[in-house]
>>> print(open('upload.pdb').read())   # PDB, C-alpha atoms
MODEL        1
ATOM      1  CA  MET A   1      -1.125   6.540  77.875
ATOM      2  CA  PHE A   2       1.772   6.635  80.288
ATOM      3  CA  ILE A   3       5.337   6.289  79.001
ATOM      4  CA  LYS A   4       8.603   8.025  79.784
ATOM      5  CA  LEU A   5       8.454  11.803  79.494
ATOM      6  CA  LYS A   6       9.561  13.140  76.123
ATOM      7  CA  PRO A   7      11.540  16.329  76.839
ATOM      8  CA  PHE A   8      10.972  17.861  73.384
ATOM      9  CA  LEU A   9       7.191  17.389  73.654
ATOM     10  CA  ALA A  10       7.054  18.762  77.172
ATOM     11  CA  LEU A  11       9.030  21.815  76.068
ATOM     12  CA  SER A  12       6.787  22.334  73.042
ATOM     13  CA  VAL A  13       3.713  22.298  75.281
ATOM     14  CA  LEU A  14       5.205  25.019  77.460
ATOM     15  CA  LEU A  15       6.252  27.115  74.470
ATOM     16  CA  VAL A  16       2.820  26.875  72.857
ATOM     17  CA  LEU A  17       1.038  27.795  76.074
ATOM     18  CA  SER A  18       3.431  30.680  76.668
ATOM     19  CA  ALA A  19       2.907  32.025  73.158
ATOM     20  CA  LEU A  20      -0.870  31.747  73.333
ATOM     21  CA  GLY A  21      -1.193  33.423  76.693
ATOM     22  CA  PRO A  22      -4.079  32.875  79.083
ATOM     23  CA  LEU A  23      -6.576  34.738  76.900
ATOM     24  CA  ALA A  24      -5.532  33.421  73.495
ATOM     25  CA  TYR A  25      -8.785  31.672  72.674
ATOM     26  CA  ALA A  26     -10.966  33.516  75.148
ATOM     27  CA  GLN A  27     -14.046  35.180  73.739
ATOM     28  CA  GLU A  28     -16.053  37.986  75.252
ATOM     29  CA  ALA A  29     -17.926  36.606  78.252
ATOM     30  CA  GLN A  30     -21.128  38.110  79.525
ATOM     31  CA  VAL A  31     -21.889  37.197  83.128
ATOM     32  CA  LYS A  32     -25.413  37.873  84.278
ATOM     33  CA  LEU A  33     -27.087  37.355  87.631
ATOM     34  CA  ILE A  34     -30.664  36.103  87.271
ATOM     35  CA  SER A  35     -32.478  34.415  90.172
ATOM     36  CA  ASN A  36     -29.161  33.700  91.852
ATOM     37  CA  ASP A  37     -27.912  31.877  88.742
ATOM     38  CA  ILE A  38     -24.628  32.964  87.229
ATOM     39  CA  LEU A  39     -25.213  32.483  83.530
ATOM     40  CA  PHE A  40     -22.326  32.250  81.122
ATOM     41  CA  ASP A  41     -22.710  33.342  77.537
ATOM     42  CA  MET A  42     -19.317  32.562  76.063
ATOM     43  CA  ALA A  43     -18.862  32.015  72.337
ATOM     44  CA  GLU A  44     -17.425  28.620  71.449
ATOM     45  CA  SER A  45     -13.745  28.574  70.635
ATOM     46  CA  LYS A  46     -11.758  25.806  69.042
ATOM     47  CA  PRO A  47      -9.636  23.936  71.602
ATOM     48  CA  LEU A  48      -5.943  23.370  71.183
ATOM     49  CA  ASN A  49      -5.132  19.647  70.913
ATOM     50  CA  LEU A  50      -2.216  18.406  72.992
ATOM     51  CA  ASN A  51      -0.737  14.903  72.909
ATOM     52  CA  ILE A  52      -0.235  13.541  76.426
ATOM     53  CA  SER A  53       1.624  10.244  76.568
ATOM     54  CA  SER A  54       2.860  10.064  80.151
ATOM     55  CA  LEU A  55       1.962  10.962  83.694
ATOM     56  CA  ASP A  56       5.042  13.170  83.778
ATOM     57  CA  GLU A  57       3.733  15.189  80.833
ATOM     58  CA  LEU A  58       0.338  15.551  82.451
ATOM     59  CA  MET A  59       1.840  16.805  85.716
ATOM     60  CA  LEU A  60       4.038  19.228  83.789
ATOM     61  CA  LEU A  61       0.963  20.570  82.008
ATOM     62  CA  PHE A  62      -0.858  21.038  85.315
ATOM     63  CA  ASP A  63       2.141  22.969  86.671
ATOM     64  CA  SER A  64       2.354  25.175  83.574
ATOM     65  CA  LEU A  65      -1.301  26.108  84.068
ATOM     66  CA  ASN A  66      -0.842  26.701  87.813
ATOM     67  CA  TYR A  67      -3.425  23.952  88.202
ATOM     68  CA  THR A  68      -2.146  22.456  91.431
ATOM     69  CA  PRO A  69      -3.656  21.613  94.823
ATOM     70  CA  GLU A  70      -1.309  24.126  96.446
ATOM     71  CA  ASN A  71      -2.525  26.951  94.211
ATOM     72  CA  PHE A  72      -6.146  25.968  94.827
ATOM     73  CA  HIS A  73      -5.743  25.946  98.598
ATOM     74  CA  ARG A  74      -4.063  29.377  98.431
ATOM     75  CA  GLY A  75      -7.379  30.706  97.170
ATOM     76  CA  ASN A  76      -7.128  30.419  93.379
ATOM     77  CA  LYS A  77     -10.355  28.558  92.569
ATOM     78  CA  SER A  78     -10.168  29.076  88.778
ATOM     79  CA  ILE A  79     -10.085  25.887  86.732
ATOM     80  CA  PRO A  80      -8.671  25.537  83.176
ATOM     81  CA  ARG A  81     -10.970  24.463  80.352
ATOM     82  CA  LEU A  82      -9.491  20.992  79.979
ATOM     83  CA  THR A  83     -11.085  18.040  78.205
ATOM     84  CA  PHE A  84      -9.613  14.691  77.195
ATOM     85  CA  ASP A  85     -10.584  12.046  74.678
ATOM     86  CA  ALA A  86     -10.386   8.945  76.889
ATOM     87  CA  VAL A  87      -8.783   7.392  79.922
ATOM     88  CA  GLY A  88      -5.467   5.956  78.762
ATOM     89  CA  GLN A  89      -5.157   2.175  78.798
ATOM     90  CA  GLY A  90      -2.089   2.406  81.021
ATOM     91  CA  TRP A  91      -3.866   4.289  83.800
ATOM     92  CA  SER A  92      -5.151   1.112  85.452
ATOM     93  CA  SER A  93      -1.639  -0.197  86.102
ATOM     94  CA  VAL A  94      -0.004   3.182  86.762
ATOM     95  CA  SER A  95      -2.654   4.090  89.341
ATOM     96  CA  ARG A  96      -1.620   1.033  91.353
ATOM     97  CA  GLN A  97       2.021   2.107  91.342
ATOM     98  CA  ILE A  98       1.724   5.726  92.422
ATOM     99  CA  PRO A  99       0.752   6.991  95.890
ATOM    100  CA  VAL A 100      -2.991   6.994  96.584
ATOM    101  CA  LYS A 101      -2.877  10.757  97.186
ATOM    102  CA  GLN A 102      -1.439  11.351  93.715
ATOM    103  CA  LYS A 103      -3.950   8.979  92.098
ATOM    104  CA  LYS A 104      -6.824  10.890  93.635
ATOM    105  CA  MET A 105      -5.307  14.234  92.686
ATOM    106  CA  VAL A 106      -4.908  13.249  89.028
ATOM    107  CA  PHE A 107      -8.447  11.884  88.854
ATOM    108  CA  PHE A 108     -10.071  14.950  90.410
ATOM    109  CA  ARG A 109      -7.872  17.376  88.430
ATOM    110  CA  LEU A 110      -9.018  15.785  85.164
ATOM    111  CA  MET A 111     -12.662  15.422  86.151
ATOM    112  CA  THR A 112     -13.351  18.830  87.706
ATOM    113  CA  PRO A 113     -13.138  20.790  84.416
ATOM    114  CA  LEU A 114     -15.577  18.328  82.804
ATOM    115  CA  VAL A 115     -18.112  18.856  85.575
ATOM    116  CA  LEU A 116     -17.847  22.636  85.333
ATOM    117  CA  LEU A 117     -18.134  22.561  81.536
ATOM    118  CA  ALA A 118     -21.237  20.370  81.702
ATOM    119  CA  ASN A 119     -22.749  22.665  84.330
ATOM    120  CA  GLU A 120     -21.928  25.702  82.189
ATOM    121  CA  LYS A 121     -23.875  24.207  79.295
ATOM    122  CA  ILE A 122     -26.861  23.635  81.577
ATOM    123  CA  LEU A 123     -26.708  27.245  82.768
ATOM    124  CA  GLN A 124     -26.828  28.391  79.154
ATOM    125  CA  GLU A 125     -29.904  26.228  78.582
ATOM    126  CA  ARG A 126     -31.424  27.565  81.773
ATOM    127  CA  GLN A 127     -30.978  31.140  80.555
ATOM    128  CA  VAL A 128     -33.026  30.317  77.438
ATOM    129  CA  ILE A 129     -35.765  28.735  79.555
ATOM    130  CA  MET A 130     -36.005  31.746  81.840
ATOM    131  CA  SER A 131     -36.077  34.425  79.152
ATOM    132  CA  ALA A 132     -37.495  32.975  75.918
ATOM    133  CA  PRO A 133     -41.133  33.359  74.781
ATOM    134  CA  LEU A 134     -43.230  30.236  75.298
ATOM    135  CA  ASP A 135     -43.331  29.521  71.552
ATOM    136  CA  ASN A 136     -39.591  30.033  71.045
ATOM    137  CA  ILE A 137     -37.969  27.288  68.950
ATOM    138  CA  GLU A 138     -35.034  26.817  71.325
ATOM    139  CA  LEU A 139     -37.342  26.627  74.322
ATOM    140  CA  ILE A 140     -39.561  24.050  72.616
ATOM    141  CA  ALA A 141     -36.484  21.966  71.739
ATOM    142  CA  LEU A 142     -35.378  22.028  75.388
ATOM    143  CA  GLY A 143     -38.885  21.063  76.499
ATOM    144  CA  ILE A 144     -38.750  18.021  74.228
ATOM    145  CA  LYS A 145     -35.171  17.157  75.203
ATOM    146  CA  TYR A 146     -35.960  17.186  78.920
ATOM    147  CA  LYS A 147     -39.252  15.301  78.436
ATOM    148  CA  VAL A 148     -41.583  18.051  79.588
ATOM    149  CA  ILE A 149     -43.551  18.260  76.315
ATOM    150  CA  GLY A 150     -44.058  15.966  73.338
ATOM    151  CA  SER A 151     -42.478  16.314  69.905
ATOM    152  CA  ALA A 152     -45.774  17.517  68.418
ATOM    153  CA  ASP A 153     -46.181  20.434  70.844
ATOM    154  CA  ARG A 154     -45.574  23.924  69.480
ATOM    155  CA  SER A 155     -45.359  25.881  72.713
ATOM    156  CA  LEU A 156     -45.067  25.559  76.483
ATOM    157  CA  SER A 157     -47.302  26.785  79.265
ATOM    158  CA  GLU A 158     -45.921  28.777  82.190
ATOM    159  CA  SER A 159     -46.334  25.732  84.437
ATOM    160  CA  GLN A 160     -44.302  23.679  81.946
ATOM    161  CA  ARG A 161     -41.623  26.376  81.957
ATOM    162  CA  GLN A 162     -41.372  26.014  85.746
ATOM    163  CA  MET A 163     -41.262  22.221  85.418
ATOM    164  CA  LEU A 164     -38.448  22.602  82.913
ATOM    165  CA  LEU A 165     -36.528  24.914  85.249
ATOM    166  CA  GLU A 166     -36.752  22.242  87.946
ATOM    167  CA  ARG A 167     -35.119  19.761  85.589
ATOM    168  CA  VAL A 168     -32.578  21.972  83.858
ATOM    169  CA  ASP A 169     -30.286  22.886  86.729
ATOM    170  CA  ILE A 170     -26.720  22.248  87.763
ATOM    171  CA  LEU A 171     -25.364  19.761  90.298
ATOM    172  CA  PRO A 172     -22.654  20.448  92.910
ATOM    173  CA  PRO A 173     -19.246  19.308  91.620
ATOM    174  CA  SER A 174     -18.650  17.578  94.958
ATOM    175  CA  LEU A 175     -21.490  15.146  94.271
ATOM    176  CA  VAL A 176     -20.491  14.485  90.663
ATOM    177  CA  LEU A 177     -16.836  13.903  91.541
ATOM    178  CA  ALA A 178     -17.703  11.557  94.401
ATOM    179  CA  GLN A 179     -19.991   9.428  92.241
ATOM    180  CA  ALA A 180     -17.505   9.368  89.362
ATOM    181  CA  ALA A 181     -14.756   8.119  91.678
ATOM    182  CA  LYS A 182     -17.017   5.514  93.284
ATOM    183  CA  GLU A 183     -18.661   4.228  90.095
ATOM    184  CA  SER A 184     -15.508   4.120  87.942
ATOM    185  CA  GLY A 185     -13.040   2.881  90.559
ATOM    186  CA  TRP A 186     -10.993   6.059  90.116
ATOM    187  CA  GLY A 187     -11.155   5.651  86.348
ATOM    188  CA  THR A 188      -9.856   2.069  86.311
ATOM    189  CA  SER A 189     -13.020   0.051  85.670
ATOM    190  CA  ARG A 190     -13.385  -2.016  82.523
ATOM    191  CA  PHE A 191     -16.385   0.051  81.441
ATOM    192  CA  THR A 192     -14.486   3.315  81.860
ATOM    193  CA  LEU A 193     -11.587   2.054  79.758
ATOM    194  CA  GLU A 194     -13.775   0.492  77.060
ATOM    195  CA  GLY A 195     -16.544   3.072  76.813
ATOM    196  CA  ASN A 196     -15.778   6.167  78.906
ATOM    197  CA  ALA A 197     -18.515   5.020  81.322
ATOM    198  CA  LEU A 198     -17.798   6.898  84.530
ATOM    199  CA  PHE A 199     -21.150   6.606  86.310
ATOM    200  CA  GLY A 200     -22.427   3.086  85.710
ATOM    201  CA  GLN A 201     -25.446   4.161  83.664
ATOM    202  CA  TRP A 202     -27.482   1.408  82.029
ATOM    203  CA  ASP A 203     -28.419   1.048  78.386
ATOM    204  CA  PHE A 204     -31.519  -0.926  77.372
ATOM    205  CA  ASN A 205     -31.209  -0.296  73.623
ATOM    206  CA  GLY A 206     -28.785  -3.121  72.947
ATOM    207  CA  ASN A 207     -25.774  -0.842  72.504
ATOM    208  CA  GLY A 208     -24.304  -1.188  75.975
ATOM    209  CA  MET A 209     -21.305  -3.076  77.275
ATOM    210  CA  GLU A 210     -22.406  -6.372  78.797
ATOM    211  CA  PRO A 211     -21.440  -6.984  82.436
ATOM    212  CA  LYS A 212     -19.945 -10.357  83.294
ATOM    213  CA  GLN A 213     -22.778 -11.044  85.718
ATOM    214  CA  LYS A 214     -26.172  -9.888  84.450
ATOM    215  CA  ARG A 215     -29.140  -9.301  86.729
ATOM    216  CA  PRO A 216     -32.064 -11.620  85.953
ATOM    217  CA  GLY A 217     -35.388 -10.213  84.861
ATOM    218  CA  LEU A 218     -34.069  -6.942  83.454
ATOM    219  CA  GLY A 219     -34.076  -7.967  79.796
ATOM    220  CA  ARG A 220     -31.394  -6.941  77.342
ATOM    221  CA  TYR A 221     -29.210  -4.346  78.975
ATOM    222  CA  GLY A 222     -25.631  -3.231  79.365
ATOM    223  CA  LEU A 223     -23.553  -0.313  80.581
ATOM    224  CA  ALA A 224     -23.951   2.782  78.419
ATOM    225  CA  ARG A 225     -20.895   3.784  76.426
ATOM    226  CA  PHE A 226     -19.902   7.359  75.550
ATOM    227  CA  GLU A 227     -17.707   8.981  72.916
ATOM    228  CA  THR A 228     -15.764  11.005  75.499
ATOM    229  CA  PRO A 229     -15.529  11.419  79.282
ATOM    230  CA  LEU A 230     -17.280  14.802  78.922
ATOM    231  CA  ALA A 231     -20.197  13.095  77.172
ATOM    232  CA  SER A 232     -20.373  10.670  80.107
ATOM    233  CA  VAL A 233     -20.631  13.558  82.575
ATOM    234  CA  GLU A 234     -23.326  15.203  80.446
ATOM    235  CA  GLY A 235     -25.211  11.912  80.252
ATOM    236  CA  TYR A 236     -25.073  11.517  84.022
ATOM    237  CA  LEU A 237     -26.412  15.038  84.596
ATOM    238  CA  PHE A 238     -29.211  14.406  82.107
ATOM    239  CA  ASN A 239     -30.068  11.153  83.862
ATOM    240  CA  LEU A 240     -30.374  12.785  87.295
ATOM    241  CA  ASN A 241     -32.273  15.712  85.810
ATOM    242  CA  THR A 242     -34.896  13.604  84.014
ATOM    243  CA  HIS A 243     -35.282  10.085  85.439
ATOM    244  CA  ASN A 244     -38.242   9.451  87.733
ATOM    245  CA  ALA A 245     -35.956   7.730  90.255
ATOM    246  CA  TYR A 246     -34.306  11.060  91.064
ATOM    247  CA  GLN A 247     -37.365  13.255  91.508
ATOM    248  CA  LYS A 248     -36.453  13.666  95.202
ATOM    249  CA  LEU A 249     -33.125  15.199  94.194
ATOM    250  CA  ARG A 250     -34.771  17.683  91.838
ATOM    251  CA  THR A 251     -37.402  18.626  94.404
ATOM    252  CA  LEU A 252     -34.841  19.226  97.159
ATOM    253  CA  ARG A 253     -32.649  21.246  94.789
ATOM    254  CA  ALA A 254     -35.588  23.426  93.719
ATOM    255  CA  GLN A 255     -36.725  23.948  97.310
ATOM    256  CA  SER A 256     -33.206  24.907  98.381
ATOM    257  CA  ARG A 257     -32.882  27.320  95.499
ATOM    258  CA  GLN A 258     -36.245  28.912  96.247
ATOM    259  CA  ALA A 259     -35.281  29.318  99.912
ATOM    260  CA  LYS A 260     -31.914  30.791  98.792
ATOM    261  CA  GLN A 261     -30.086  28.031 100.626
ATOM    262  CA  ALA A 262     -26.865  26.387  99.491
ATOM    263  CA  VAL A 263     -27.338  23.281  97.343
ATOM    264  CA  THR A 264     -24.676  20.905  98.665
ATOM    265  CA  GLY A 265     -23.453  17.583  97.374
ATOM    266  CA  ALA A 266     -23.869  15.949 100.780
ATOM    267  CA  ALA A 267     -27.512  17.031 100.997
ATOM    268  CA  LEU A 268     -28.391  15.885  97.473
ATOM    269  CA  ALA A 269     -26.581  12.583  98.052
ATOM    270  CA  GLY A 270     -29.252  11.798 100.618
ATOM    271  CA  THR A 271     -31.811  11.519  97.803
ATOM    272  CA  LEU A 272     -29.853   8.940  95.788
ATOM    273  CA  ASP A 273     -30.937   5.797  97.631
ATOM    274  CA  ARG A 274     -32.253   4.433  94.300
ATOM    275  CA  TYR A 275     -28.996   4.986  92.399
ATOM    276  CA  SER A 276     -27.569   1.733  93.727
ATOM    277  CA  GLU A 277     -28.943  -1.528  95.073
ATOM    278  CA  ARG A 278     -27.044  -0.701  98.252
ATOM    279  CA  GLY A 279     -29.600   2.007  99.032
ATOM    280  CA  HIS A 280     -28.773   4.058 102.108
ATOM    281  CA  ALA A 281     -25.373   2.377 102.466
ATOM    282  CA  TYR A 282     -24.508   3.818  99.053
ATOM    283  CA  VAL A 283     -25.685   7.255 100.161
ATOM    284  CA  GLU A 284     -23.381   7.150 103.159
ATOM    285  CA  ALA A 285     -20.478   5.954 100.989
ATOM    286  CA  ILE A 286     -20.898   8.983  98.707
ATOM    287  CA  ARG A 287     -21.134  11.354 101.660
ATOM    288  CA  GLN A 288     -18.008   9.820 103.163
ATOM    289  CA  MET A 289     -16.221  10.247  99.826
ATOM    290  CA  ILE A 290     -17.133  13.937  99.866
ATOM    291  CA  ARG A 291     -15.984  14.397 103.470
ATOM    292  CA  THR A 292     -12.784  12.366 103.271
ATOM    293  CA  ASN A 293     -11.552  14.049 100.108
ATOM    294  CA  LYS A 294     -12.888  17.514 101.009
ATOM    295  CA  LEU A 295     -14.755  17.601  97.714
ATOM    296  CA  TYR A 296     -17.033  20.336  99.038
ATOM    297  CA  LEU A 297     -14.158  22.705  98.217
ATOM    298  CA  ALA A 298     -14.730  21.961  94.529
ATOM    299  CA  ASP A 299     -18.157  23.591  94.819
ATOM    300  CA  GLU A 300     -16.310  26.920  95.007
ATOM    301  CA  ALA A 301     -14.432  26.326  91.739
ATOM    302  CA  TYR A 302     -15.159  28.138  88.481
ATOM    303  CA  LEU A 303     -13.900  27.953  84.901
ATOM    304  CA  ASN A 304     -11.346  30.502  83.816
ATOM    305  CA  ASP A 305     -11.391  32.256  80.443
ATOM    306  CA  GLY A 306      -8.118  30.744  79.254
ATOM    307  CA  ALA A 307      -7.461  28.736  76.124
ATOM    308  CA  PRO A 308      -9.560  25.539  75.887
ATOM    309  CA  LEU A 309      -7.256  22.522  75.775
ATOM    310  CA  HIS A 310      -8.139  19.017  74.589
ATOM    311  CA  LEU A 311      -5.783  16.241  75.659
ATOM    312  CA  LEU A 312      -5.198  13.388  73.224
ATOM    313  CA  THR A 313      -4.397  10.205  75.116
ATOM    314  CA  ARG A 314      -5.131   7.402  72.650
ATOM    315  CA  PRO A 315      -1.922   5.810  71.285
ATOM    316  CA  SER A 316      -3.182   6.093  67.680
ATOM    317  CA  GLN A 317      -3.267   9.853  68.006
ATOM    318  CA  ILE A 318       0.274  10.267  69.306
TER     319      ILE A 318
ENDMDL
END
>>> encode(input="upload.pdb", output="structure tokens")
Amino acid sequence: MFIKLKPFLALSVLLVLSALGPLAYAQEAQVKLISNDILFDMAESKPLNLNISSLDELMLLFDSLNYTPENFHRGNKSIPRLTFDAVGQGWSSVSRQIPVKQKKMVFFRLMTPLVLLANEKILQERQVIMSAPLDNIELIALGIKYKVIGSADRSLSESQRQMLLERVDILPPSLVLAQAAKESGWGTSRFTLEGNALFGQWDFNGNGMEPKQKRPGLGRYGLARFETPLASVEGYLFNLNTHNAYQKLRTLRAQSRQAKQAVTGAALAGTLDRYSERGHAYVEAIRQMIRTNKLYLADEAYLNDGAPLHLLTRPSQI
């Protein structure tokens, strides 16, 4: 992924972005406030693909979008709609050569838009759940997806709607970013490079990546692979929103929402003692990650309505 900056490519990126303008691909956005949820109803727009072949090019892109730590700390909490196809193979070695502060900045700058995009999708699903009739096709599909009803059911009850609302809810970016950094080794783990696996989720269907040391008694399993880093984030959110091991998280989130209290990453981290064999030591490690890197500031971030950009990092696409 990371080679010497190509001046002509860097210039072309700036020219394209300048010509498009910040609203080039933006569609009409309707923002509604329902039960303290900000729900986004933005029509899909085709992202602009950009080849990124070096760290220099990536930093130049961040600057051109005013997507910098300095701008964020000055009060601009808007985040560009950035996605990327994979972690470049060169990131593992480059991350060891650059200052730790820059490594963390690059990781969080790339991951934050993915978290907000995944949360946005959940908010759209949540809007359907809150407003649709109980026999609505979309609502039934969501009930099946989130394992509240069976595939043969043709409607939901009001109690099932409430159960679905408890499952279909967003997570604080601070928590997601902390776990992504911890589980992926800042994007350098073998499983991240081979299968976009950022959260160490298991696969028991025989399609996962086999760890070098397998745990006895667990049968045929591996680390789940994903098509893109965004799909990995979405898979992680789905896991926490549906798996029985994380019922405590969903209960605390629902109680906090009902009491109109802030849902913080540090608080929800306290319910994740079953995410790792380390138990409460893992919980404290995640909370320390949030504190040390001031990730709670990311909970104030929001997606802007600028042009969606998709970064191509695989050598075959450059």
>>> closest_residue(input="upload.pdb", among="A:Leu164, A:Val94, A:Leu110, A:Leu116", to="Phe62 in chain A", atoms="only C-alpha atoms")
A:Leu110
>>> residues_near_point(input="upload.pdb", point="(-23.7, 13.3, 104.4)", cutoff="10 Å", atoms="all atoms listed in the file", output="MDAnalysis selection string")
chainID A and resid 264:270 283:291
>>> closest_residue(input="upload.pdb", among="A:Gln201, A:Gln102, A:Gln124, A:Asn293", to="His243 in chain A", atoms="all atoms listed in the file")
A:Gln201
>>> atom_distance(input="upload.pdb", atom1="CA of Arg81 in chain A", atom2="CA of Gly195 in chain A")
22.4 Å
>>> atom_distance(input="upload.pdb", atom1="CA of Leu58 in chain A", atom2="CA of Leu311 in chain A")
9.2 Å
>>> resolve_selection(input="upload.pdb", expression="the PyMOL selection byres ((chain A and resi 104) around 10)", output="list in words")
Ser95, Pro99, Val100, Lys101, Gln102, Lys103, Met105, Val106, Phe107, Phe108, Arg109, Ala181, Trp186, Gly187 and Asn293 of chain A
>>> closest_residue(input="upload.pdb", among="A:Val168, A:Leu297, A:Ala86, A:Ala231", to="Thr188 in chain A", atoms="all atoms listed in the file")
A:Ala86
>>> resolve_selection(input="upload.pdb", expression="the PyMOL selection byres ((chain A and resi 77) around 9)", output="PyMOL selection string")
chain A and resi 71-76+78-79+297-298+300-303
>>> resolve_selection(input="upload.pdb", expression="the PyMOL selection byres ((chain A and resi 169) around 7)", output="list of chain:residue names")
A:Ile122, A:Leu123, A:Arg126, A:Leu165, A:Glu166, A:Arg167, A:Val168, A:Ile170, A:Leu171
>>> atom_distance(input="upload.pdb", atom1="CA of Glu158 in chain A", atom2="CA of Lys145 in chain A")
17.3 Å
>>> closest_residue(input="upload.pdb", among="A:Gln258, A:Gln97, A:Asn207, A:Thr228", to="Leu55 in chain A", atoms="only C-alpha atoms")
A:Gln97
>>> closest_residue(input="upload.pdb", among="A:Phe84, A:Tyr246, A:Glu125, A:Asp56", to="Pro113 in chain A", atoms="all atoms listed in the file")
A:Phe84
>>> closest_residue(input="upload.pdb", among="A:Pro172, A:Leu177, A:Leu309, A:Thr83", to="Arg253 in chain A", atoms="all atoms listed in the file")
A:Pro172
